[in-house]
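Comments concern the structure below.
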Amino acid sequence: MSLPLEGLRVLDLSRVLAGPYATMLLADLGADVIKVEHPGHGDDTRGWGPPFVGDESAYFMSANRNKRSTGVDLKTDKGLAKIKQLAASADVLIENMRRGTLAKLGLGYEALKETNPGLVYCSITGFGPGPDRDRPGYDFLVQARAGVMGITGWPDGEPTKVGVAVADMVCGLYASNAILAALHKRAGTGEGSNVEVPLFETTLSWLGNRAQEFLVTGEDTGRMGNEHPTLVPYQTFRTEDRTIAVACGNDAQFQKLCKSIGRTDLADDGRFTKNSGRVENREALVPELRRTFLERGSEEWISTIKEAGVPCGPVNTLAQVFEDEHVLESGILREVEHPAAGTVRMLASPLILDGERPGVRKPPPTLGEHTDSAGWKTS
C-alpha cells in the first residue's frame, strides 16, 4: 500500500523507548528511519531481557519495527562527520540525550540548521523549562512524581505504576504529533523547527479529568482501584468464575443494565436514577451489584449485558488477549521473518488507512545491520 510519509527522512538519535516509539510510529506510516546506535552495544534495550528471541530482546523488538540501523561512534571524528552528512539532507532529527550533549558535539539545532534550514529537530527531555530542566527523566520516576501512581491502585494498598512504560509511550505519541505539526508548518514556510517534548509535562497532560477535578475543587480522591470518580457503575465486578468490566456511561445504560441483570429495583430507586446520585450513593449501590454478579458466570453475564447495549467485557490475561477472536481477525498480529530470530509474531500499526492496516515492512534491525547502506533513498 502507498503510505502517507513515504519519502520522509528521519534520523533517529534516540534510545530506550520514548524516542524510538515516536520514530516507529513515523516508520509505520512510511518514513525512512535510520536508527543510529553505538556500534559496540547499541540501544540499551537490546540487553533488556530475558526474554530474548535469538539474540534480540523482546523489549527492543517492541519499539523498532520498520527501521534501519547504523553503527556510529559519536566520540570519533568519523562518526560525527557521518551524522552531519545524514542530518544535512534529513527532514527530521530526533534525540533524547542529556540537554546540551549534542550541541557540544556540533550537532545541536543551531549548528545543523545552517546547512539544513528545513530540518525539524525534536528533543525529548526529562523536564521542560523550570528548576529541573537539566534532570534526566525515567518512566517509573515520572509516573511517581507526576501523580500517576497517586491515582493508580487501591485505597488501602501500595501506589501502583501502570503495567507498561506508559509515560514514555505517550511522550512518543506527543513527539510524533509535534513532528508532523512542524512538517505541516514547513510545507508553508520552508522553515524547520526546534521542538522539545518533555516526559514530565506530557505525563501531567494525560492526568486529564483527574487533574482538572483537583484544580477545580482542591480535593484529591486518590486511588480508587477500578472505580471511576465521576461515573457509577464503571468498574470491575467478580462473577462466579472471573472478573468482568462494566462501563455505564449514562443514565439510560444504567437502566438497561439493571433490567438485563434482573435488578429493576435498583433502577427504580430514586437514589440511583441519576449518575450524580449514583456517585453520591455508590457505597449503597455497588455492594448490591457485587452480590448480583456473583450469582452467575462471566460468559452469561457478558452475553446478557452486551445484548442489552451496555459496554461489558472480560478482564483478560495476555494469553487470553492473544486468543481473542477480534484480535486474531483484526490483522494487527503479523508473522515477520527476522534475520537473527527467525519467524516472530509481532504487533503491527493499529491504524487503518484507506481500509488497510500498514504492515511490518522491515523487522526490527539487528545492530548495525544497515551501516554500509545507511544513506537516504534518492528515488
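In the C-alpha cells, chains take the letters A, B, ... in the order shown, each chain's residues start at 1, and ligands count up from 1 in the order shown.
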(request) Using only C-alpha atoms, determine which residues lie at most 9 Å from stretch 81-96 of chain A, disregarding the query and same-chain residues fewer than 5 positions distant; provide the list as a PyMOL selection string. (result) chain A and resi 8-15+18-20+22-23+36+72+74+76+102+106-107+112-113+115-116+118-126+175+179+183+192+374-376
(message) I need the strand (DSSP E or B) residues of stretch 16-220 of chain A per DSSP on the backbone, written as a ChimeraX atom specification.
(response) /A:32-37,52-53,56-57,67-71,92-95,120-125,193-198
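Residue nearest A:Pro350 within the list A:Leu25, A:Leu5, A:Ala63, A:Met169: A:Leu25 [criterion: smallest interatomic distance, only C-alpha atoms].
Note that atom CA of A:Asp139 and atom CA of A:Gly225 are 21.2 Å apart.
For A:Thr243, the set of protein, DNA and RNA residues having any atom at most 7 Å away, when counting only C-alpha atoms and skipping those fewer than 6 positions along the same chain, is Thr236, Phe237, Pro314 and Val315 of chain A.
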(request) Within stretch 24-265 of chain A, find each residue whose DSSP state, derived from the backbone, is helix (DSSP H, G or I), and express the selection as an MDAnalysis selection string. (result) chainID A and resid 24:28 44:47 58:61 77:88 101:104 109:112 139:145 166:189 199:205 208:217 251:260 264:265
Selection above as a file: C-alpha atoms, as a PDB file, in the first residue's frame:
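Okay, this is what ended up in again-v3.pdb:
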```
ATOM      1  CA  MET A  24       8.442   3.722  14.960  1.00  0.00           C
ATOM      2  CA  LEU A  25       5.083   5.441  14.543  1.00  0.00           C
ATOM      3  CA  LEU A  26       6.562   7.566  11.746  1.00  0.00           C
ATOM      4  CA  ALA A  27       8.153   4.482  10.185  1.00  0.00           C
ATOM      5  CA  ASP A  28       4.816   2.645  10.277  1.00  0.00           C
ATOM      6  CA  ASP A  44      20.227  -0.014  25.812  1.00  0.00           C
ATOM      7  CA  THR A  45      17.066  -2.064  25.362  1.00  0.00           C
ATOM      8  CA  ARG A  46      18.866  -4.655  23.231  1.00  0.00           C
ATOM      9  CA  GLY A  47      20.102  -6.026  26.558  1.00  0.00           C
ATOM     10  CA  ALA A  58      11.559  -8.723  23.076  1.00  0.00           C
ATOM     11  CA  TYR A  59      11.691  -5.204  24.559  1.00  0.00           C
ATOM     12  CA  PHE A  60      13.820  -3.832  21.721  1.00  0.00           C
ATOM     13  CA  MET A  61      11.638  -5.527  19.137  1.00  0.00           C
ATOM     14  CA  ASP A  77      35.542  12.456  14.102  1.00  0.00           C
ATOM     15  CA  LYS A  78      34.397   9.908  11.520  1.00  0.00           C
ATOM     16  CA  GLY A  79      31.205   9.279  13.465  1.00  0.00           C
ATOM     17  CA  LEU A  80      30.429  12.986  13.862  1.00  0.00           C
ATOM     18  CA  ALA A  81      31.039  13.561  10.177  1.00  0.00           C
ATOM     19  CA  LYS A  82      28.652  10.729   9.320  1.00  0.00           C
ATOM     20  CA  ILE A  83      25.845  12.234  11.426  1.00  0.00           C
ATOM     21  CA  LYS A  84      26.389  15.695   9.946  1.00  0.00           C
ATOM     22  CA  GLN A  85      26.204  14.199   6.482  1.00  0.00           C
ATOM     23  CA  LEU A  86      22.941  12.395   7.226  1.00  0.00           C
ATOM     24  CA  ALA A  87      21.461  15.431   9.023  1.00  0.00           C
ATOM     25  CA  ALA A  88      22.210  17.704   6.068  1.00  0.00           C
ATOM     26  CA  THR A 101      25.014  16.968  24.808  1.00  0.00           C
ATOM     27  CA  LEU A 102      24.587  17.140  21.042  1.00  0.00           C
ATOM     28  CA  ALA A 103      25.178  20.903  20.948  1.00  0.00           C
ATOM     29  CA  LYS A 104      28.630  20.327  22.479  1.00  0.00           C
ATOM     30  CA  TYR A 109      19.762  22.566  16.190  1.00  0.00           C
ATOM     31  CA  GLU A 110      21.509  25.897  15.659  1.00  0.00           C
ATOM     32  CA  ALA A 111      24.516  24.210  14.050  1.00  0.00           C
ATOM     33  CA  LEU A 112      22.601  21.789  11.856  1.00  0.00           C
ATOM     34  CA  ASP A 139       9.241   6.499  33.108  1.00  0.00           C
ATOM     35  CA  PHE A 140       8.875   4.942  36.565  1.00  0.00           C
ATOM     36  CA  LEU A 141      10.058   8.046  38.429  1.00  0.00           C
ATOM     37  CA  VAL A 142       7.880  10.301  36.291  1.00  0.00           C
ATOM     38  CA  GLN A 143       4.812   8.108  36.897  1.00  0.00           C
ATOM     39  CA  ALA A 144       5.522   8.569  40.605  1.00  0.00           C
ATOM     40  CA  ARG A 145       6.255  12.289  40.644  1.00  0.00           C
ATOM     41  CA  VAL A 166       3.051   4.422  29.502  1.00  0.00           C
ATOM     42  CA  ALA A 167       4.712   7.774  30.285  1.00  0.00           C
ATOM     43  CA  ASP A 168       7.424   7.022  27.724  1.00  0.00           C
ATOM     44  CA  MET A 169       4.952   5.771  25.135  1.00  0.00           C
ATOM     45  CA  VAL A 170       2.565   8.716  25.430  1.00  0.00           C
ATOM     46  CA  CYS A 171       5.554  11.054  25.250  1.00  0.00           C
ATOM     47  CA  GLY A 172       6.461   9.314  21.997  1.00  0.00           C
ATOM     48  CA  LEU A 173       2.935   9.878  20.716  1.00  0.00           C
ATOM     49  CA  TYR A 174       3.213  13.586  21.560  1.00  0.00           C
ATOM     50  CA  ALA A 175       6.599  13.736  19.834  1.00  0.00           C
ATOM     51  CA  SER A 176       5.316  12.192  16.610  1.00  0.00           C
ATOM     52  CA  ASN A 177       2.347  14.571  16.690  1.00  0.00           C
ATOM     53  CA  ALA A 178       4.589  17.604  17.232  1.00  0.00           C
ATOM     54  CA  ILE A 179       6.902  16.488  14.414  1.00  0.00           C
ATOM     55  CA  LEU A 180       4.014  16.197  11.973  1.00  0.00           C
ATOM     56  CA  ALA A 181       2.764  19.642  13.021  1.00  0.00           C
ATOM     57  CA  ALA A 182       6.236  21.112  12.412  1.00  0.00           C
ATOM     58  CA  LEU A 183       6.381  19.453   8.999  1.00  0.00           C
ATOM     59  CA  HIS A 184       2.999  20.963   8.159  1.00  0.00           C
ATOM     60  CA  LYS A 185       4.350  24.393   9.115  1.00  0.00           C
ATOM     61  CA  ARG A 186       7.453  23.782   6.981  1.00  0.00           C
ATOM     62  CA  ALA A 187       5.280  22.975   3.974  1.00  0.00           C
ATOM     63  CA  GLY A 188       4.009  26.551   4.100  1.00  0.00           C
ATOM     64  CA  THR A 189       7.093  28.457   5.206  1.00  0.00           C
ATOM     65  CA  LEU A 199       8.494  13.480  29.541  1.00  0.00           C
ATOM     66  CA  PHE A 200       7.291  15.013  32.823  1.00  0.00           C
ATOM     67  CA  GLU A 201       4.943  17.598  31.346  1.00  0.00           C
ATOM     68  CA  THR A 202       3.464  15.221  28.781  1.00  0.00           C
ATOM     69  CA  THR A 203       2.659  12.881  31.662  1.00  0.00           C
ATOM     70  CA  LEU A 204       0.952  15.697  33.560  1.00  0.00           C
ATOM     71  CA  SER A 205      -1.133  16.390  30.463  1.00  0.00           C
ATOM     72  CA  GLY A 208      -6.930  14.508  32.246  1.00  0.00           C
ATOM     73  CA  ASN A 209     -10.125  14.731  34.252  1.00  0.00           C
ATOM     74  CA  ARG A 210      -8.379  13.747  37.483  1.00  0.00           C
ATOM     75  CA  ALA A 211      -6.103  16.771  37.275  1.00  0.00           C
ATOM     76  CA  GLN A 212      -8.953  19.108  36.361  1.00  0.00           C
ATOM     77  CA  GLU A 213     -11.124  17.789  39.168  1.00  0.00           C
ATOM     78  CA  PHE A 214      -8.403  18.648  41.671  1.00  0.00           C
ATOM     79  CA  LEU A 215      -7.751  22.057  40.100  1.00  0.00           C
ATOM     80  CA  VAL A 216     -11.461  22.871  40.346  1.00  0.00           C
ATOM     81  CA  THR A 217     -12.134  21.540  43.863  1.00  0.00           C
ATOM     82  CA  ASP A 251     -28.412   7.004  32.895  1.00  0.00           C
ATOM     83  CA  ALA A 252     -30.041   5.120  30.017  1.00  0.00           C
ATOM     84  CA  GLN A 253     -27.309   2.493  30.101  1.00  0.00           C
ATOM     85  CA  PHE A 254     -27.789   2.085  33.843  1.00  0.00           C
ATOM     86  CA  GLN A 255     -31.490   1.417  33.304  1.00  0.00           C
ATOM     87  CA  LYS A 256     -30.638  -1.202  30.653  1.00  0.00           C
ATOM     88  CA  LEU A 257     -28.035  -2.790  32.912  1.00  0.00           C
ATOM     89  CA  CYS A 258     -30.452  -3.150  35.807  1.00  0.00           C
ATOM     90  CA  LYS A 259     -33.097  -4.695  33.562  1.00  0.00           C
ATOM     91  CA  SER A 260     -30.604  -7.137  32.000  1.00  0.00           C
ATOM     92  CA  THR A 264     -35.050  -3.219  38.219  1.00  0.00           C
ATOM     93  CA  ASP A 265     -35.441  -2.367  41.887  1.00  0.00           C
TER      94      ASP A 265
END
```
(message) Using only C-alpha atoms, can you tell me which of A:Lys35, A:Pro159, A:Asp134, A:Asn250 comes closest to A:Gly309?
(response) A:Asn250
(message) So, with only C-alpha atoms as the atoms that count, which of A:Pro4, A:Gly49, A:Gly108, A:Gly42 lies closest to A:Leu367?
(response) A:Gly42
(message) For A:Asp55, find every residue with an atom within 9 Å (counting only C-alpha atoms), except residues of its own chain fewer than 5 positions away, and show them as a ChimeraX atom specification.
(response) /A:46,340-341,366
Could those selected residues go to a file with C-alpha atoms, as a PDB file, in the first residue's frame?
```
ATOM      1  CA  ARG A  46      18.866  -4.655  23.231  1.00  0.00           C
ATOM      2  CA  ALA A 340      18.540 -13.322  13.723  1.00  0.00           C
ATOM      3  CA  ALA A 341      15.347 -14.565  15.347  1.00  0.00           C
ATOM      4  CA  THR A 366      19.996  -6.164  14.081  1.00  0.00           C
TER       5      THR A 366
END
```
(message) Here is a test: counting only C-alpha atoms, which residue of A:Asp132, A:Glu219, A:Glu325, A:Glu283 is nearest to A:Arg271?
(response) A:Glu283
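In this model, the gap between atom CA of A:Trp48 and atom CA of A:Val16 comes to 9.7 Å.
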Using only C-alpha atoms, which residues sit within 7 Å of A:Tyr234 once same-chain residues fewer than 2 positions away are excluded, as an mmCIF file with N, CA and C atoms, in the first residue's frame?
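As written to disk, out.cif reads:
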```cif
data_model
loop_
_atom_site.group_PDB
_atom_site.id
_atom_site.type_symbol
_atom_site.label_atom_id
_atom_site.label_comp_id
_atom_site.auth_asym_id
_atom_site.auth_seq_id
_atom_site.Cartn_x
_atom_site.Cartn_y
_atom_site.Cartn_z
ATOM 1 N N GLU A 227 -12.628 1.650 40.314
ATOM 2 C CA GLU A 227 -13.809 2.502 40.254
ATOM 3 C C GLU A 227 -13.477 3.828 39.578
ATOM 4 N N HIS A 228 -14.515 4.506 39.131
ATOM 5 C CA HIS A 228 -14.379 5.790 38.438
ATOM 6 C C HIS A 228 -14.831 6.896 39.374
ATOM 7 N N LEU A 231 -18.323 8.408 37.536
ATOM 8 C CA LEU A 231 -19.302 7.538 36.881
ATOM 9 C C LEU A 231 -19.503 6.282 37.727
ATOM 10 N N VAL A 232 -20.747 5.883 37.909
ATOM 11 C CA VAL A 232 -21.076 4.668 38.660
ATOM 12 C C VAL A 232 -22.284 4.007 37.991
ATOM 13 N N VAL A 246 -17.627 -3.519 33.612
ATOM 14 C CA VAL A 246 -18.908 -2.951 33.200
ATOM 15 C C VAL A 246 -18.754 -1.428 33.163
ATOM 16 N N ALA A 247 -19.169 -0.826 32.038
ATOM 17 C CA ALA A 247 -18.968 0.614 31.878
ATOM 18 C C ALA A 247 -20.273 1.295 31.502
ATOM 19 N N CYS A 248 -20.972 1.811 32.508
ATOM 20 C CA CYS A 248 -22.201 2.575 32.266
ATOM 21 C C CYS A 248 -21.841 4.048 32.112
#
```
Excluding same-chain residues fewer than 2 positions from A:Met346, what lies within 8 Å of it counting only C-alpha atoms, as a PDB file with C-alpha atoms, in the first residue's frame?
```pdb
ATOM      1  CA  SER A  62       8.522  -3.850  20.530  1.00  0.00           C
ATOM      2  CA  LEU A 333      -0.880  -9.554  14.526  1.00  0.00           C
ATOM      3  CA  ARG A 334       1.738 -10.337  11.888  1.00  0.00           C
ATOM      4  CA  GLU A 335       4.325 -13.039  11.372  1.00  0.00           C
ATOM      5  CA  VAL A 336       7.635 -11.428  10.493  1.00  0.00           C
ATOM      6  CA  VAL A 344       8.377 -13.876  15.046  1.00  0.00           C
ATOM      7  CA  ALA A 348       1.631  -4.065  13.589  1.00  0.00           C
TER       8      ALA A 348
END
```
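The smallest atom-to-atom distance between A:Arg296 and any of A:Thr160, A:Asn66, A:Thr239, A:Thr230, using only C-alpha atoms, is found for A:Thr239.
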